[in-house]
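Pasted below: data.csv, CSV, N, CA and C atoms.
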chain,number,residue,atom,x,y,z
M,1,ALA,N,159.2,86.7,135.1
M,1,ALA,CA,159.5,87.3,136.4
M,1,ALA,C,159.3,88.8,136.3
M,2,GLY,N,158.8,89.4,137.4
M,2,GLY,CA,158.6,90.8,137.5
M,2,GLY,C,159.8,91.5,138.0
M,3,GLN,N,159.7,92.8,137.8
M,3,GLN,CA,160.8,93.7,138.4
M,3,GLN,C,160.2,94.7,139.3
M,4,LEU,N,160.9,95.1,140.3
M,4,LEU,CA,160.4,96.1,141.2
M,4,LEU,C,160.7,97.5,140.7
M,5,VAL,N,159.8,98.4,140.7
M,5,VAL,CA,159.9,99.8,140.2
M,5,VAL,C,159.7,100.7,141.4
M,6,LEU,N,160.7,101.6,141.6
M,6,LEU,CA,160.7,102.4,142.8
M,6,LEU,C,160.7,103.9,142.4
M,7,GLY,N,160.1,104.8,143.1
M,7,GLY,CA,160.2,106.2,143.0
M,7,GLY,C,161.0,106.7,144.2
M,8,THR,N,161.9,107.6,144.0
M,8,THR,CA,162.8,108.1,145.1
M,8,THR,C,162.6,109.6,145.4
M,9,GLU,N,163.0,110.0,146.5
M,9,GLU,CA,162.9,111.4,147.0
M,9,GLU,C,163.8,112.3,146.2
M,10,ASP,N,164.8,111.8,145.5
M,10,ASP,CA,165.7,112.6,144.7
M,10,ASP,C,165.2,112.6,143.2
M,11,SER,N,163.9,112.4,143.0
M,11,SER,CA,163.3,112.6,141.7
M,11,SER,C,163.7,111.5,140.6
M,12,ARG,N,164.0,110.3,141.1
M,12,ARG,CA,164.3,109.2,140.2
M,12,ARG,C,163.3,108.1,140.2
M,13,VAL,N,163.2,107.4,139.1
M,13,VAL,CA,162.5,106.1,139.1
M,13,VAL,C,163.5,105.1,138.8
M,14,LEU,N,163.6,104.1,139.7
M,14,LEU,CA,164.5,103.0,139.6
M,14,LEU,C,163.9,101.7,139.2
M,15,LEU,N,164.4,100.9,138.3
M,15,LEU,CA,164.0,99.6,138.0
M,15,LEU,C,165.1,98.7,138.5
M,16,LEU,N,164.7,97.8,139.4
M,16,LEU,CA,165.7,96.9,140.1
M,16,LEU,C,165.9,95.7,139.2
M,17,GLY,N,167.1,95.1,139.2
M,17,GLY,CA,167.4,93.9,138.5
M,17,GLY,C,166.9,92.7,139.3
M,18,ALA,N,167.1,91.5,138.7
M,18,ALA,CA,166.7,90.3,139.3
M,18,ALA,C,167.3,90.1,140.7
M,19,GLY,N,166.5,89.7,141.6
M,19,GLY,CA,167.0,89.6,143.0
M,19,GLY,C,167.0,90.9,143.8
M,20,CYS,N,166.7,92.0,143.1
M,20,CYS,CA,166.6,93.3,143.8
M,20,CYS,C,168.0,93.7,144.4
M,21,THR,N,169.1,93.3,143.8
M,21,THR,CA,170.4,93.6,144.3
M,21,THR,C,171.1,94.7,143.5
M,22,SER,N,170.5,95.0,142.3
M,22,SER,CA,171.2,96.0,141.5
M,22,SER,C,170.1,96.8,140.8
M,23,VAL,N,170.5,98.0,140.3
M,23,VAL,CA,169.6,98.9,139.6
M,23,VAL,C,169.9,98.6,138.1
M,24,SER,N,168.8,98.2,137.4
M,24,SER,CA,169.0,97.9,135.9
M,24,SER,C,168.7,99.2,135.1
M,25,SER,N,168.0,100.1,135.7
M,25,SER,CA,167.7,101.4,134.9
M,25,SER,C,167.3,102.5,135.9
M,26,SER,N,167.8,103.7,135.7
M,26,SER,CA,167.5,104.8,136.5
M,26,SER,C,167.1,106.0,135.6
M,27,ILE,N,165.9,106.5,135.8
M,27,ILE,CA,165.4,107.6,135.0
M,27,ILE,C,165.2,108.8,136.0
M,28,THR,N,165.7,110.0,135.6
M,28,THR,CA,165.5,111.2,136.4
M,28,THR,C,164.4,112.0,135.9
M,29,LEU,N,163.5,112.4,136.8
M,29,LEU,CA,162.3,113.1,136.5
M,29,LEU,C,162.5,114.6,136.9
M,30,PRO,N,161.7,115.5,136.4
M,30,PRO,CA,161.8,116.9,136.9
M,30,PRO,C,161.2,117.1,138.3
M,31,ALA,N,160.5,116.1,138.8
M,31,ALA,CA,159.9,116.3,140.1
M,31,ALA,C,159.9,114.9,140.8
M,32,VAL,N,159.6,115.0,142.1
M,32,VAL,CA,159.5,113.7,142.9
M,32,VAL,C,158.3,112.9,142.6
M,33,PRO,N,158.5,111.6,142.3
M,33,PRO,CA,157.3,110.8,141.9
M,33,PRO,C,156.5,110.5,143.2
M,34,ALA,N,155.2,110.5,143.0
M,34,ALA,CA,154.2,110.2,144.1
M,34,ALA,C,153.5,108.9,143.9
M,35,LEU,N,153.1,108.7,142.6
M,35,LEU,CA,152.3,107.5,142.3
M,35,LEU,C,152.9,106.9,141.0
M,36,LEU,N,153.0,105.6,141.0
M,36,LEU,CA,153.6,104.9,139.8
M,36,LEU,C,152.6,103.8,139.3
M,37,SER,N,152.6,103.6,138.0
M,37,SER,CA,151.8,102.5,137.4
M,37,SER,C,152.6,101.9,136.3
M,38,ALA,N,153.0,100.7,136.4
M,38,ALA,CA,153.9,100.0,135.4
M,38,ALA,C,153.1,99.0,134.6
M,39,ALA,N,153.4,98.9,133.3
M,39,ALA,CA,152.8,97.9,132.4
M,39,ALA,C,153.8,97.4,131.4
M,40,GLY,N,153.6,96.2,131.0
M,40,GLY,CA,154.5,95.6,130.0
M,40,GLY,C,155.6,94.8,130.6
M,41,GLY,N,156.5,94.3,129.7
M,41,GLY,CA,157.6,93.6,130.2
M,41,GLY,C,158.9,94.2,129.7
M,42,LEU,N,160.0,93.8,130.4
M,42,LEU,CA,161.3,94.3,130.1
M,42,LEU,C,161.7,94.0,128.6
M,43,ASP,N,161.4,92.7,128.2
M,43,ASP,CA,161.8,92.3,126.9
M,43,ASP,C,160.9,92.8,125.8
M,44,ALA,N,159.6,93.0,126.1
M,44,ALA,CA,158.6,93.3,125.1
M,44,ALA,C,158.3,94.8,125.1
M,45,GLY,N,159.0,95.6,125.9
M,45,GLY,CA,158.8,97.0,126.0
M,45,GLY,C,157.8,97.3,127.1
M,46,TYR,N,158.1,98.3,127.9
M,46,TYR,CA,157.3,98.6,129.1
M,46,TYR,C,157.1,100.1,129.1
M,47,ARG,N,156.1,100.5,129.9
M,47,ARG,CA,155.7,101.9,130.1
M,47,ARG,C,155.4,102.1,131.6
M,48,VAL,N,156.0,103.1,132.2
M,48,VAL,CA,155.7,103.5,133.6
M,48,VAL,C,155.0,104.9,133.5
M,49,THR,N,153.8,105.0,134.1
M,49,THR,CA,153.2,106.3,134.2
M,49,THR,C,153.4,106.8,135.6
M,50,VAL,N,153.9,108.1,135.7
M,50,VAL,CA,154.3,108.6,137.0
M,50,VAL,C,153.5,109.9,137.3
M,51,ALA,N,152.8,109.9,138.4
M,51,ALA,CA,152.2,111.2,138.9
M,51,ALA,C,153.1,111.8,139.9
M,52,ALA,N,153.6,113.0,139.6
M,52,ALA,CA,154.6,113.6,140.5
M,52,ALA,C,154.0,114.6,141.5
M,53,ARG,N,154.7,115.0,142.5
M,53,ARG,CA,154.2,115.9,143.5
M,53,ARG,C,154.0,117.3,142.9
M,54,ASP,N,154.5,117.6,141.7
M,54,ASP,CA,154.3,118.9,141.1
M,54,ASP,C,153.0,119.0,140.4
M,55,GLY,N,152.2,117.9,140.4
M,55,GLY,CA,150.9,118.0,139.7
M,55,GLY,C,151.0,117.6,138.2
M,56,TRP,N,152.1,117.0,137.8
M,56,TRP,CA,152.2,116.7,136.4
M,56,TRP,C,152.3,115.1,136.3
M,57,LEU,N,151.8,114.6,135.1
M,57,LEU,CA,151.9,113.2,134.8
M,57,LEU,C,153.1,113.1,133.8
M,58,TYR,N,154.0,112.1,134.1
M,58,TYR,CA,155.1,111.9,133.2
M,58,TYR,C,155.0,110.4,132.7
M,59,SER,N,155.6,110.1,131.6
M,59,SER,CA,155.6,108.8,131.0
M,59,SER,C,157.0,108.3,130.7
M,60,ILE,N,157.3,107.1,131.1
M,60,ILE,CA,158.6,106.5,130.8
M,60,ILE,C,158.3,105.3,129.9
M,61,LYS,N,159.0,105.3,128.8
M,61,LYS,CA,158.8,104.2,127.8
M,61,LYS,C,160.2,103.6,127.5
M,62,ALA,N,160.3,102.3,127.7
M,62,ALA,CA,161.6,101.6,127.4
M,62,ALA,C,162.8,102.3,128.0
M,63,GLY,N,162.7,102.8,129.2
M,63,GLY,CA,163.8,103.3,129.9
M,63,GLY,C,164.1,104.8,129.7
M,64,ALA,N,163.3,105.5,128.9
M,64,ALA,CA,163.5,106.9,128.7
M,64,ALA,C,162.2,107.7,129.0
M,65,LEU,N,162.5,108.9,129.5
M,65,LEU,CA,161.4,109.8,129.8
M,65,LEU,C,160.8,110.4,128.4
M,66,THR,N,159.5,110.2,128.2
M,66,THR,CA,159.0,110.7,126.9
M,66,THR,C,158.7,112.2,127.0
M,67,ARG,N,158.5,112.8,125.9
M,67,ARG,CA,158.2,114.3,125.8
M,67,ARG,C,156.8,114.6,126.2
M,68,THR,N,155.9,113.6,126.3
M,68,THR,CA,154.5,113.8,126.6
M,68,THR,C,154.4,114.0,128.1
M,69,VAL,N,153.9,115.2,128.5
M,69,VAL,CA,153.6,115.4,129.9
M,69,VAL,C,152.2,116.0,130.0
M,70,ILE,N,151.5,115.8,131.1
M,70,ILE,CA,150.1,116.3,131.3
M,70,ILE,C,150.1,117.0,132.6
M,71,GLN,N,149.6,118.3,132.6
M,71,GLN,CA,149.5,119.0,133.8
M,71,GLN,C,148.0,118.8,134.3
M,72,LEU,N,147.9,118.5,135.6
M,72,LEU,CA,146.6,118.2,136.3
M,72,LEU,C,146.2,119.4,137.0
M,73,ASP,N,144.9,119.6,137.0
M,73,ASP,CA,144.3,120.7,137.8
M,73,ASP,C,144.3,120.4,139.3
M,74,LEU,N,144.1,119.2,139.6
M,74,LEU,CA,144.1,118.7,141.0
M,74,LEU,C,145.2,117.7,141.2
M,75,GLN,N,145.6,117.5,142.5
M,75,GLN,CA,146.6,116.4,142.8
M,75,GLN,C,145.9,115.1,142.6
M,76,PRO,N,146.6,114.1,142.0
M,76,PRO,CA,146.0,112.8,141.8
M,76,PRO,C,145.9,112.0,143.1
M,77,VAL,N,144.9,111.1,143.2
M,77,VAL,CA,144.8,110.3,144.4
M,77,VAL,C,145.1,108.8,144.0
M,78,GLY,N,145.2,108.5,142.7
M,78,GLY,CA,145.5,107.2,142.3
M,78,GLY,C,145.8,107.1,140.8
M,79,LEU,N,146.5,106.0,140.5
M,79,LEU,CA,146.7,105.6,139.1
M,79,LEU,C,146.3,104.2,138.8
M,80,VAL,N,145.5,104.0,137.8
M,80,VAL,CA,145.1,102.6,137.4
M,80,VAL,C,145.5,102.5,136.0
M,81,GLY,N,146.5,101.6,135.7
M,81,GLY,CA,146.9,101.5,134.3
M,81,GLY,C,147.5,102.9,133.9
M,82,ALA,N,147.0,103.4,132.8
M,82,ALA,CA,147.4,104.7,132.3
M,82,ALA,C,146.4,105.7,132.7
M,83,ALA,N,145.4,105.4,133.4
M,83,ALA,CA,144.3,106.3,133.8
M,83,ALA,C,144.7,107.0,135.1
M,84,CYS,N,144.4,108.3,135.3
M,84,CYS,CA,144.7,109.0,136.5
M,84,CYS,C,143.4,109.3,137.2
M,85,LEU,N,143.4,109.1,138.5
M,85,LEU,CA,142.2,109.4,139.3
M,85,LEU,C,142.5,110.7,140.1
M,86,VAL,N,141.5,111.6,140.0
M,86,VAL,CA,141.6,112.9,140.8
M,86,VAL,C,140.4,113.0,141.6
M,87,GLN,N,140.6,113.6,142.8
M,87,GLN,CA,139.5,113.8,143.7
M,87,GLN,C,138.6,115.0,143.3
M,88,CYS,N,137.3,114.8,143.3
M,88,CYS,CA,136.4,115.9,143.0
M,88,CYS,C,136.2,116.8,144.2
M,89,GLN,N,136.1,118.1,143.9
M,89,GLN,CA,135.9,119.0,145.0
M,89,GLN,C,134.5,119.3,145.2

Represent the structure of the file as structure tokens.
Amino acid sequence: AGQLVLGTEDSRVLLLGAGCTSVSSSITLPAVPALLSAAGGLDAGYRVTVAARDGWLYSIKAGALTRTVIQLDLQPVGLVGAACLVQCQ
């Protein structure tokens, strides 16, 4: 069974529990998430890649924000897996 992953305006990423009635995990980011890409399973380890409005890519692994961040030269227009798509000028 899958889980719903949400980005909020107060700079959090929420993983909802079964039935979407409770929050099973809440991770606070330094910026508001704009795009999300989730992979893996809750039992086997998961990763969420987040492109934020500040132009940085953040990574969440097993419920914790990792120290790896990537600054983008342009705002992203999409995320596919762990790949980030940016618009060419």

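Minimum atom-to-atom distances from M:Gly7, M:Arg47, M:Ile70, M:Leu15 to Leu35 in chain M were compared using all atoms listed in the file, and the lowest value belongs to M:Gly7.
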
Please, what distance in Å, to one decimal, runs between atom N of Leu72 in chain M and CA of Ser59 in chain M? 13.2 Å

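The closest residue to Ala18 in chain M, picked from M:Ala31, M:Val80, M:Gly55, M:Gln3 and counting only N, CA and C atoms, is M:Gln3.
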
Give me, as a PyMOL selection string, all polymer residues having an atom no more than 7 Å from Arg12 in chain M, counting only N, CA and C atoms and skipping those fewer than 5 positions away in the same chain. chain M and resi 6-7+26-29+31-33

Non-local contacts of Lys61 in chain M (6 Å; all atoms listed in the file; under 3 positions in same chain excluded) as a CSV table (one decimal) with N, CA and C atoms, in the frame of the given file:
chain,number,residue,atom,x,y,z
M,46,TYR,N,158.1,98.3,127.9
M,46,TYR,CA,157.3,98.6,129.1
M,46,TYR,C,157.1,100.1,129.1
M,47,ARG,N,156.1,100.5,129.9
M,47,ARG,CA,155.7,101.9,130.1
M,47,ARG,C,155.4,102.1,131.6
M,48,VAL,N,156.0,103.1,132.2
M,48,VAL,CA,155.7,103.5,133.6
M,48,VAL,C,155.0,104.9,133.5
M,64,ALA,N,163.3,105.5,128.9
M,64,ALA,CA,163.5,106.9,128.7
M,64,ALA,C,162.2,107.7,129.0
M,65,LEU,N,162.5,108.9,129.5
M,65,LEU,CA,161.4,109.8,129.8
M,65,LEU,C,160.8,110.4,128.4
M,66,THR,N,159.5,110.2,128.2
M,66,THR,CA,159.0,110.7,126.9
M,66,THR,C,158.7,112.2,127.0

Measure the distance from CA of Tyr58 in chain M to CA of Gly41 in chain M in Å and round it to one decimal. 18.7 Å

DSSP on the backbone: what in chain M comes out strand (DSSP E or B), as a count of residues only? 54

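If you look at CA of Gly19 in chain M and CA of Gly78 in chain M, they are 27.8 Å away from each other.
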
Within 6 Å of Leu57 in chain M, counting all atoms listed in the file, which residues show up once you throw out same-chain ones fewer than 4 positions away? Write them as a PyMOL selection string, please. chain M and resi 50-52+68-72

Polymer residues at most 7 Å from Ser25 in chain M, only N, CA and C atoms, same-chain spacing of 6 or more positions, as JSON, numbers by chain: {"M": [13, 14, 15, 16, 17, 63]}

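Using only C-alpha atoms, the shortest contact distance between Gln75 in chain M and any of M:Val23, M:Ile60, M:Ala34, M:Val5 is found at M:Ala34.
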